[in-house]
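S.K.: This structure is in structure tokens; I'll ask about it shortly.
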Amino acid sequence: MGLVHELGGFFNQSGKIKLIFQNIAKSEQGSTFTSLKPLCPTRWTVRTPAIRSVLKQYESVLMALEEMASCRSPETSAKANGLHGTFLKGNTVLGLLMAEDLMGDLECLNTSLQLRKQTVSGMLEAVDHVKTSMQVKRTEEHFDVLFSKATAVATKLDLQPIQIPHVRKPTKRYTGQAAAHIHPDAQSLYRVQFYNALDPVNTQFIERFEQAGFHKLQPLENVLLHGDMDKVVEEYPELNSRLLQVEALVRLLLVVPASSAEAERSFSALRRLKTWLRSSMSQTRLNNVAICHVHQKKLDRLDLEGICQSFISANDKRKKAFGSFT
């Protein structure tokens with residue numbers, strides 16, 4: 001992930017560097033090329049497309065880095081040369097494929113959890129699907145497919161073969177007389193690393209989504225949505241089980257989000273709006289700009305000509321200054 005972020009930042013460092021990659025990518029990919037961008041620290045649901053963009057245009061990335069390595073600027077040339085050497089390794093292709101395979105399901109889950117109409121039952125069902133998918137990935141057959149795919153890409157692009165990186169031998173003070181464990185080949189080494197990345201994800205799913213609170217919220221949600229009484233209502237003294245069937249509590253449920261994702265989007269929007277160049281923006285203007293940014297679709301549907309005409313026709317002074325807008 002760090003390598004993709006570094007590559008995207010380098011290709012967007014200047015207009016000249018960006019143009020070099022665009023020209024090469026257009027000649028290789030045609031109209032299907034996509035620009036490479038650095039990863040946003042607050043938007044987790046755009047990681048997989050960035051990785052796929054690099055994998056899809058891997059040959060164009062190599063050609064662009066090779067051309068940038070001959071640039072007159074020493075800093076740009078050294079940076080491009082270092083990235084080019086890293087992307088010439090088959091280990092890099094395997095790492096990108098492993099990251100894409102791992103992040104793909106997680107980003108689909110994030111997108112599902114952030115839906116406005118998402119329910120607790122739907123969230124738990126989506127989590128179960130991802131847990132099942134993660135368990136399927138933790139098999140030798142699945143990893144062998146990834147390794148074979150990476151090997152095929154490395155052979156096609158004439159990259160360095162996937163190999164075990166150099167590991168410094170630990171001193172006997174820490175290992176004693178026992179021989180250090182050495183993997184027989186690169187495939188077994190990276191299989192273990194892939195499993196080590198999968199296991200914490202499965203553990204986090206168990207700890208977060210199997211809490212007692214979720215098991216209480218799910219029957220309570222069914223009561224509010226379908227009106228079927230459950231014993232869980234008795235744990236909430238503010239709810240009257242007798243009046244619950246006739247009260248319109250479903251309307252209250254519609255305004256209570258299942259997660260805090262929608263509220264967190266406003267913080268991501270503020271990070272993009274109030275940059276260092278806009279540090280002197282007033283609170284009133286920031287509020288107005290944030291509303292326009294969050295409700296872009298509604299803003300695009302506004303009749304701008306009608307708004308301008310309404311503004312001009314408010315008094316005679318504006319009519320003289322702007323005339324007729326239509």
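To be explicit about the labels: the chains of the structure tokens are called A, B, and onward in the order shown, and within each one the residues are counted from 1, while ligands get numbers from 1 in the order they are shown.
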Would you list the contacts of Gly104 in chain A as a PyMOL selection string, taking every protein, DNA or RNA residue within 9 Å and counting only C-alpha atoms, but skipping same-chain residues closer than 4 positions in sequence?

M.R.: chain A and resi 47-49+99-100+108-109

S.K.: Write the residues of the preceding selection, restricted to C-alpha atoms, as a PDB file, in the first residue's frame.

M.R.:
```pdb
ATOM      1  CA  ARG A  47      -7.577   1.513  -1.946  1.00  0.00           C
ATOM      2  CA  THR A  48      -8.443  -1.425  -4.214  1.00  0.00           C
ATOM      3  CA  PRO A  49      -9.077   0.666  -7.381  1.00  0.00           C
ATOM      4  CA  ALA A  99      -3.107  -6.642  -1.158  1.00  0.00           C
ATOM      5  CA  GLU A 100      -5.794  -6.453  -3.855  1.00  0.00           C
ATOM      6  CA  CYS A 108     -17.046  -4.010  -0.320  1.00  0.00           C
ATOM      7  CA  LEU A 109     -17.915  -4.470   3.347  1.00  0.00           C
TER       8      LEU A 109
END
```

S.K.: Excluding range 288-290 of chain A and any residue of its chain fewer than 4 positions from it, enumerate the residues within 10 Å of it, using only C-alpha atoms, and give them as a ChimeraX atom specification.

M.R.: /A:266,269-270,272-274,283-284,294-296

S.K.: Show which residues sit within 12 Å of Met98 in chain A, as a list in words. Count only C-alpha atoms, and ignore same-chain residues fewer than 6 positions away.

M.R.: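 With the cut-off at 12 Å, the set is Met1, Thr48, Ile51, Arg52, Leu55, Asn91, Thr92, Gly104, Lys137, Arg138, His142, Phe143, Asp144, Val145, Leu146, Phe147, Ser148, Lys149, Ala150, Tyr190, Arg191, Val192, Gln193, Phe194, Tyr195, Asn196, Ala197 and Leu198 of chain A.
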
S.K.: Those same residues, written as a compact mmCIF listing (two decimals), in the first residue's frame with C-alpha atoms?

M.R.:
```txt
# COMPACT_ATOMS: atom_id res chain seq x y z
CA MET A 1 0.00 0.00 0.00
CA THR A 48 -8.44 -1.42 -4.21
CA ILE A 51 -3.95 -1.11 -6.66
CA ARG A 52 -5.85 -2.44 -9.68
CA LEU A 55 -1.52 -3.79 -11.86
CA ASN A 91 7.94 -9.85 -5.42
CA THR A 92 6.29 -6.46 -5.97
CA GLY A 104 -11.27 -6.10 -2.12
CA LYS A 137 -8.90 -17.38 1.02
CA ARG A 138 -6.92 -19.04 3.82
CA HIS A 142 -6.29 -20.01 -3.19
CA PHE A 143 -2.77 -18.74 -2.52
CA ASP A 144 -1.32 -21.00 -5.22
CA VAL A 145 -3.60 -19.27 -7.73
CA LEU A 146 -2.29 -15.85 -6.63
CA PHE A 147 1.32 -17.04 -6.80
CA SER A 148 0.83 -18.55 -10.27
CA LYS A 149 -0.76 -15.33 -11.50
CA ALA A 150 2.13 -13.26 -10.15
CA TYR A 190 4.77 -15.62 1.18
CA ARG A 191 1.97 -18.08 1.93
CA VAL A 192 2.74 -17.66 5.63
CA GLN A 193 2.84 -13.87 5.27
CA PHE A 194 -0.53 -13.92 3.48
CA TYR A 195 -2.04 -15.98 6.29
CA ASN A 196 -0.55 -13.60 8.86
CA ALA A 197 -2.40 -10.74 7.16
CA LEU A 198 -5.69 -12.67 7.04
```

S.K.: Quick one: residues within 12 Å of Gln163 in chain A, only C-alpha atoms counted, chain neighbours fewer than 4 positions away excluded, as a list in words?

M.R.: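 The residues that qualify are Lys89, Gly90, Asn91, Thr92, Val93, Leu94, Phe147, Ala150, Thr151, Ala154, Leu159, Val167, His183, Pro184, Asp185, Ala186, Gln187, Ser188, Leu189 and Tyr190 of chain A.
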
S.K.: Please report the interatomic distance between CA of Val127 in chain A and CA of Phe209 in chain A in Å with one decimal.

M.R.: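 Distance reported for this atom pair: 7.8 Å.
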